[in-house]
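Okay, structure first, notes after.
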Amino acid sequence: MDILDYAFMQRALLAAVLVGITAPAVGIYLVQRRQALMGDGIGHVAMTGVGLGFLLSTSPVWMAMAVSVLGAVLMELIRWYGRTRGDIALAMLFYGGMAGGVMFINLAPGGSNANLTSYLFGSLSTVSESDVTAICLLAAFVVLVTVGLRRQLFAVSQDEEFARVTGLPVRALNLLTAVTAAVTVTVAMRVVGLLLVSALMVVPVAAAQQLTRSFAATFAIAVAIGVTVTIGGTVTSYYQDVPPGATIVLLTIGVFIALTALATPLARRRARALAAAQAAGDPAECTIPAARGAESTVGVRPGTARTGTMAGQGQT
């Protein structure tokens with residue numbers, strides 16, 4: 001393939017694969033915590049880091065990571081202590097992040113708003129070797145956290161009160177989730193852009209939920225979808241000369257629509273089979289094996305999971 005003959009496309013494809021893995025891996029916990037738009041808010045704050053990187057003549061990627069991590073921690077603190085005025089504080093944080101990015105980059109020598117474009121919407125041709133190094137290191141951290149601590153993070157995302165009773169450090173795990181989300185935004189900004197990264201964190205998870213019920217299966221399918229759409233969007237943008245970030249997000253939404261259309265008749269068939277089994281007096285699990293352990297599904301309401309499920313038994 002001629003696409004692999006160019007060094008910048010090799011770097012872009014590697015970055016795309018890493019983004020496709022990390023974004024859904026973090027997004028599944030955000031979706032479960034009903035914080036699907038957290039990535040979007042962190043993306044706004046990260047703009048200040050990009051602007052500071054240009055102003056201080058340092059790496060915009062590492063500076064964006066530092067600022068977005070700080071912003072994510074502030075978001076968690078506001079969530080804990082903000083109470084009725086928490087939404088106003090978050091709004092000021094998000095909009096302040098955007099304004100700070102624009103201001104700092106215009107104050108930088110030779111800087112202009114045009115320099116922000118590749119960070120806002122992604123740019124394949126500008127992914128440098130130093131960017132790839134940073135993305136690889138940050139992606140390794142994200143994978144280590146989301147896979148290595150999957151049981152604890154799932155428990156906290158499912159029901160904070162139950163997790164606290166079992167002795168888990170809930171606040172520390174919440175902070176870790178926020179920091180990991182911030183790192184993921186930094187990983188993805190060179191491929192899909194700061195303004196579109198939230199879609200890649202949420203939509204693959206929502207698409208996977210159309211087909212699966214268990215946490216482990218949803219996690220695996222969401223990551224597979226993420227890798228597929230990021231590679232597909234990157235290749236499409238190369239051959240068709242279209243924006244990579246927008247292409248990747250549109251492909252992701254297309255996958256969601258396709259899986260939703262596929263899952264609807266399957267759900268109806270399962271419902272009819274369940275009704276027939278109940279009418280015949282058969283146990284529901286004899287007809288629909290997937291119904292076993294339904295309390296451990298990603299979409300379950302907090303407070304309804306069993307103790308064994310919260311520990312991640314059989315699901316992670």
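Chain lettering (A, B, ...) mirrors the order of the structure tokens, residue numbering begins at 1 for each chain separately, and ligand numbering begins at 1 in order of display.
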
Long-range neighbours of Val143 (chain A) as a PDB file with N, CA and C atoms, in the first residue's frame, 9 Å cut-off, only C-alpha atoms, 4 positions minimum in chain:
```pdb
ATOM      1  N   ILE A  21      -7.914   2.686  20.740  1.00  0.00           N
ATOM      2  CA  ILE A  21      -7.897   1.817  21.920  1.00  0.00           C
ATOM      3  C   ILE A  21      -8.233   2.600  23.184  1.00  0.00           C
ATOM      4  N   THR A  22      -7.581   3.727  23.355  1.00  0.00           N
ATOM      5  CA  THR A  22      -7.678   4.441  24.632  1.00  0.00           C
ATOM      6  C   THR A  22      -9.009   5.166  24.823  1.00  0.00           C
ATOM      7  N   ALA A  25     -11.785   2.859  25.887  1.00  0.00           N
ATOM      8  CA  ALA A  25     -11.405   2.221  27.149  1.00  0.00           C
ATOM      9  C   ALA A  25     -11.723   3.122  28.340  1.00  0.00           C
ATOM     10  N   VAL A  26     -11.553   4.417  28.177  1.00  0.00           N
ATOM     11  CA  VAL A  26     -11.919   5.363  29.237  1.00  0.00           C
ATOM     12  C   VAL A  26     -13.401   5.703  29.152  1.00  0.00           C
ATOM     13  N   LEU A 138       1.585   8.091  26.866  1.00  0.00           N
ATOM     14  CA  LEU A 138       0.307   8.398  27.504  1.00  0.00           C
ATOM     15  C   LEU A 138      -0.702   7.265  27.297  1.00  0.00           C
ATOM     16  N   ALA A 139      -0.694   6.671  26.103  1.00  0.00           N
ATOM     17  CA  ALA A 139      -1.605   5.563  25.834  1.00  0.00           C
ATOM     18  C   ALA A 139      -1.292   4.362  26.709  1.00  0.00           C
ATOM     19  N   VAL A 147      -7.372  -1.198  32.220  1.00  0.00           N
ATOM     20  CA  VAL A 147      -7.410  -2.670  32.232  1.00  0.00           C
ATOM     21  C   VAL A 147      -6.971  -3.217  33.587  1.00  0.00           C
ATOM     22  N   GLY A 148      -5.896  -2.662  34.124  1.00  0.00           N
ATOM     23  CA  GLY A 148      -5.377  -3.177  35.393  1.00  0.00           C
ATOM     24  C   GLY A 148      -6.297  -2.937  36.575  1.00  0.00           C
TER      25      GLY A 148
END
```

Just want the 7 Å neighbourhood of region 52-55 of chain A, counted on only C-alpha atoms, with same-chain residues fewer than 6 positions away dropped. Output as an mmCIF file with all heavy atoms, in the first residue's frame.
```cif
data_model
loop_
_atom_site.group_PDB
_atom_site.id
_atom_site.type_symbol
_atom_site.label_atom_id
_atom_site.label_comp_id
_atom_site.auth_asym_id
_atom_site.auth_seq_id
_atom_site.Cartn_x
_atom_site.Cartn_y
_atom_site.Cartn_z
ATOM 1 N N MET A 63 2.195 20.099 27.525
ATOM 2 C CA MET A 63 1.583 21.197 28.259
ATOM 3 C C MET A 63 0.062 21.015 28.332
ATOM 4 O O MET A 63 -0.565 21.278 29.361
ATOM 5 C CB MET A 63 1.920 22.525 27.602
ATOM 6 C CG MET A 63 1.467 23.737 28.400
ATOM 7 S SD MET A 63 2.246 23.848 30.044
ATOM 8 C CE MET A 63 3.945 24.239 29.566
ATOM 9 N N PHE A 104 -3.519 32.924 24.777
ATOM 10 C CA PHE A 104 -2.101 32.573 24.881
ATOM 11 C C PHE A 104 -1.461 32.348 23.517
ATOM 12 O O PHE A 104 -0.318 32.743 23.284
ATOM 13 C CB PHE A 104 -1.930 31.323 25.753
ATOM 14 C CG PHE A 104 -2.176 31.574 27.208
ATOM 15 C CD1 PHE A 104 -2.879 30.643 27.970
ATOM 16 C CD2 PHE A 104 -1.725 32.721 27.817
ATOM 17 C CE1 PHE A 104 -3.115 30.866 29.318
ATOM 18 C CE2 PHE A 104 -1.957 32.960 29.172
ATOM 19 C CZ PHE A 104 -2.652 32.025 29.917
ATOM 20 N N ILE A 105 -2.200 31.728 22.619
ATOM 21 C CA ILE A 105 -1.598 31.435 21.324
ATOM 22 C C ILE A 105 -1.434 32.702 20.493
ATOM 23 O O ILE A 105 -0.530 32.811 19.661
ATOM 24 C CB ILE A 105 -2.414 30.374 20.557
ATOM 25 C CG1 ILE A 105 -1.519 29.668 19.532
ATOM 26 C CG2 ILE A 105 -3.627 30.983 19.862
ATOM 27 C CD1 ILE A 105 -2.095 28.399 18.976
ATOM 28 N N LEU A 107 -0.699 35.572 21.912
ATOM 29 C CA LEU A 107 0.410 36.267 22.552
ATOM 30 C C LEU A 107 1.758 35.634 22.213
ATOM 31 O O LEU A 107 2.799 36.278 22.375
ATOM 32 C CB LEU A 107 0.229 36.258 24.074
ATOM 33 C CG LEU A 107 -0.931 37.094 24.634
ATOM 34 C CD1 LEU A 107 -1.044 36.897 26.142
ATOM 35 C CD2 LEU A 107 -0.752 38.572 24.288
ATOM 36 N N ALA A 108 1.732 34.391 21.742
ATOM 37 C CA ALA A 108 2.971 33.701 21.398
ATOM 38 C C ALA A 108 3.621 34.346 20.178
ATOM 39 O O ALA A 108 2.931 34.852 19.287
ATOM 40 C CB ALA A 108 2.695 32.229 21.134
#
```

Selection: 8 Å around region 225-229 of chain A, only C-alpha atoms, excl. self and same-chain fewer than 4 positions, as a ChimeraX atom specification: /A:16-21,23-24,200,204,208,221,233,248-249,251-252,255

Output file for the residues above (N, CA and C atoms, as an mmCIF file, in the first residue's frame):
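Listing of selection-v5.cif after writing:
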```cif
data_model
loop_
_atom_site.group_PDB
_atom_site.id
_atom_site.type_symbol
_atom_site.label_atom_id
_atom_site.label_comp_id
_atom_site.auth_asym_id
_atom_site.auth_seq_id
_atom_site.Cartn_x
_atom_site.Cartn_y
_atom_site.Cartn_z
ATOM 1 N N ALA A 16 -3.527 6.775 15.336
ATOM 2 C CA ALA A 16 -4.948 6.451 15.198
ATOM 3 C C ALA A 16 -5.292 5.165 15.948
ATOM 4 N N VAL A 17 -4.438 4.161 15.844
ATOM 5 C CA VAL A 17 -4.685 2.899 16.544
ATOM 6 C C VAL A 17 -4.698 3.119 18.057
ATOM 7 N N LEU A 18 -3.738 3.886 18.551
ATOM 8 C CA LEU A 18 -3.658 4.147 19.987
ATOM 9 C C LEU A 18 -4.879 4.925 20.475
ATOM 10 N N VAL A 19 -5.325 5.875 19.669
ATOM 11 C CA VAL A 19 -6.533 6.631 20.030
ATOM 12 C C VAL A 19 -7.755 5.722 20.021
ATOM 13 N N GLY A 20 -7.826 4.843 19.020
ATOM 14 C CA GLY A 20 -8.957 3.925 18.939
ATOM 15 C C GLY A 20 -9.042 2.977 20.121
ATOM 16 N N ILE A 21 -7.914 2.686 20.740
ATOM 17 C CA ILE A 21 -7.897 1.817 21.920
ATOM 18 C C ILE A 21 -8.233 2.600 23.184
ATOM 19 N N ALA A 23 -9.535 5.783 23.772
ATOM 20 C CA ALA A 23 -10.755 6.587 23.944
ATOM 21 C C ALA A 23 -11.945 5.753 24.430
ATOM 22 N N PRO A 24 -12.286 4.633 23.782
ATOM 23 C CA PRO A 24 -13.401 3.822 24.319
ATOM 24 C C PRO A 24 -13.071 3.172 25.659
ATOM 25 N N LEU A 200 -15.564 10.153 20.247
ATOM 26 C CA LEU A 200 -14.857 8.875 20.130
ATOM 27 C C LEU A 200 -14.788 8.155 21.477
ATOM 28 N N PRO A 204 -18.546 4.811 20.449
ATOM 29 C CA PRO A 204 -18.243 3.379 20.337
ATOM 30 C C PRO A 204 -18.814 2.554 21.489
ATOM 31 N N ALA A 208 -21.509 -0.410 21.090
ATOM 32 C CA ALA A 208 -21.278 -1.765 21.615
ATOM 33 C C ALA A 208 -22.413 -2.213 22.519
ATOM 34 N N ILE A 221 -15.754 -4.912 22.456
ATOM 35 C CA ILE A 221 -16.356 -4.492 21.193
ATOM 36 C C ILE A 221 -16.182 -2.987 20.985
ATOM 37 N N GLY A 233 -11.053 6.043 9.165
ATOM 38 C CA GLY A 233 -11.103 7.484 8.956
ATOM 39 C C GLY A 233 -9.769 8.050 8.509
ATOM 40 N N ILE A 248 -13.601 10.426 11.079
ATOM 41 C CA ILE A 248 -13.626 9.381 12.096
ATOM 42 C C ILE A 248 -14.925 9.434 12.894
ATOM 43 N N VAL A 249 -15.341 10.626 13.288
ATOM 44 C CA VAL A 249 -16.562 10.764 14.081
ATOM 45 C C VAL A 249 -17.788 10.351 13.273
ATOM 46 N N LEU A 251 -17.883 8.242 10.785
ATOM 47 C CA LEU A 251 -17.851 6.783 10.660
ATOM 48 C C LEU A 251 -18.346 6.123 11.953
ATOM 49 N N THR A 252 -17.953 6.677 13.083
ATOM 50 C CA THR A 252 -18.382 6.122 14.367
ATOM 51 C C THR A 252 -19.893 6.204 14.516
ATOM 52 N N VAL A 255 -21.513 3.590 12.372
ATOM 53 C CA VAL A 255 -21.471 2.263 13.003
ATOM 54 C C VAL A 255 -22.556 2.147 14.073
#
```

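Across A:Leu74, A:Ala276, A:Val191, A:Thr48, the tightest approach to Ile135 (chain A) is made by A:Val191 when counting only C-alpha atoms.
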
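Going from CA of Cys136 (chain A) to CA of Thr180 (chain A) covers 14.1 Å.
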
Residue among A:Asp2, A:Glu76, A:Asp131, A:Glu160 lying closest to Ala178 (chain A), counting only C-alpha atoms: A:Glu76

Shell around Phe8 (chain A) at 7 Å using only C-alpha atoms, local window under 2 positions removed, as a list in words: Tyr6, Gln10, Arg11, Ala12, Ser125 and Val127 of chain A
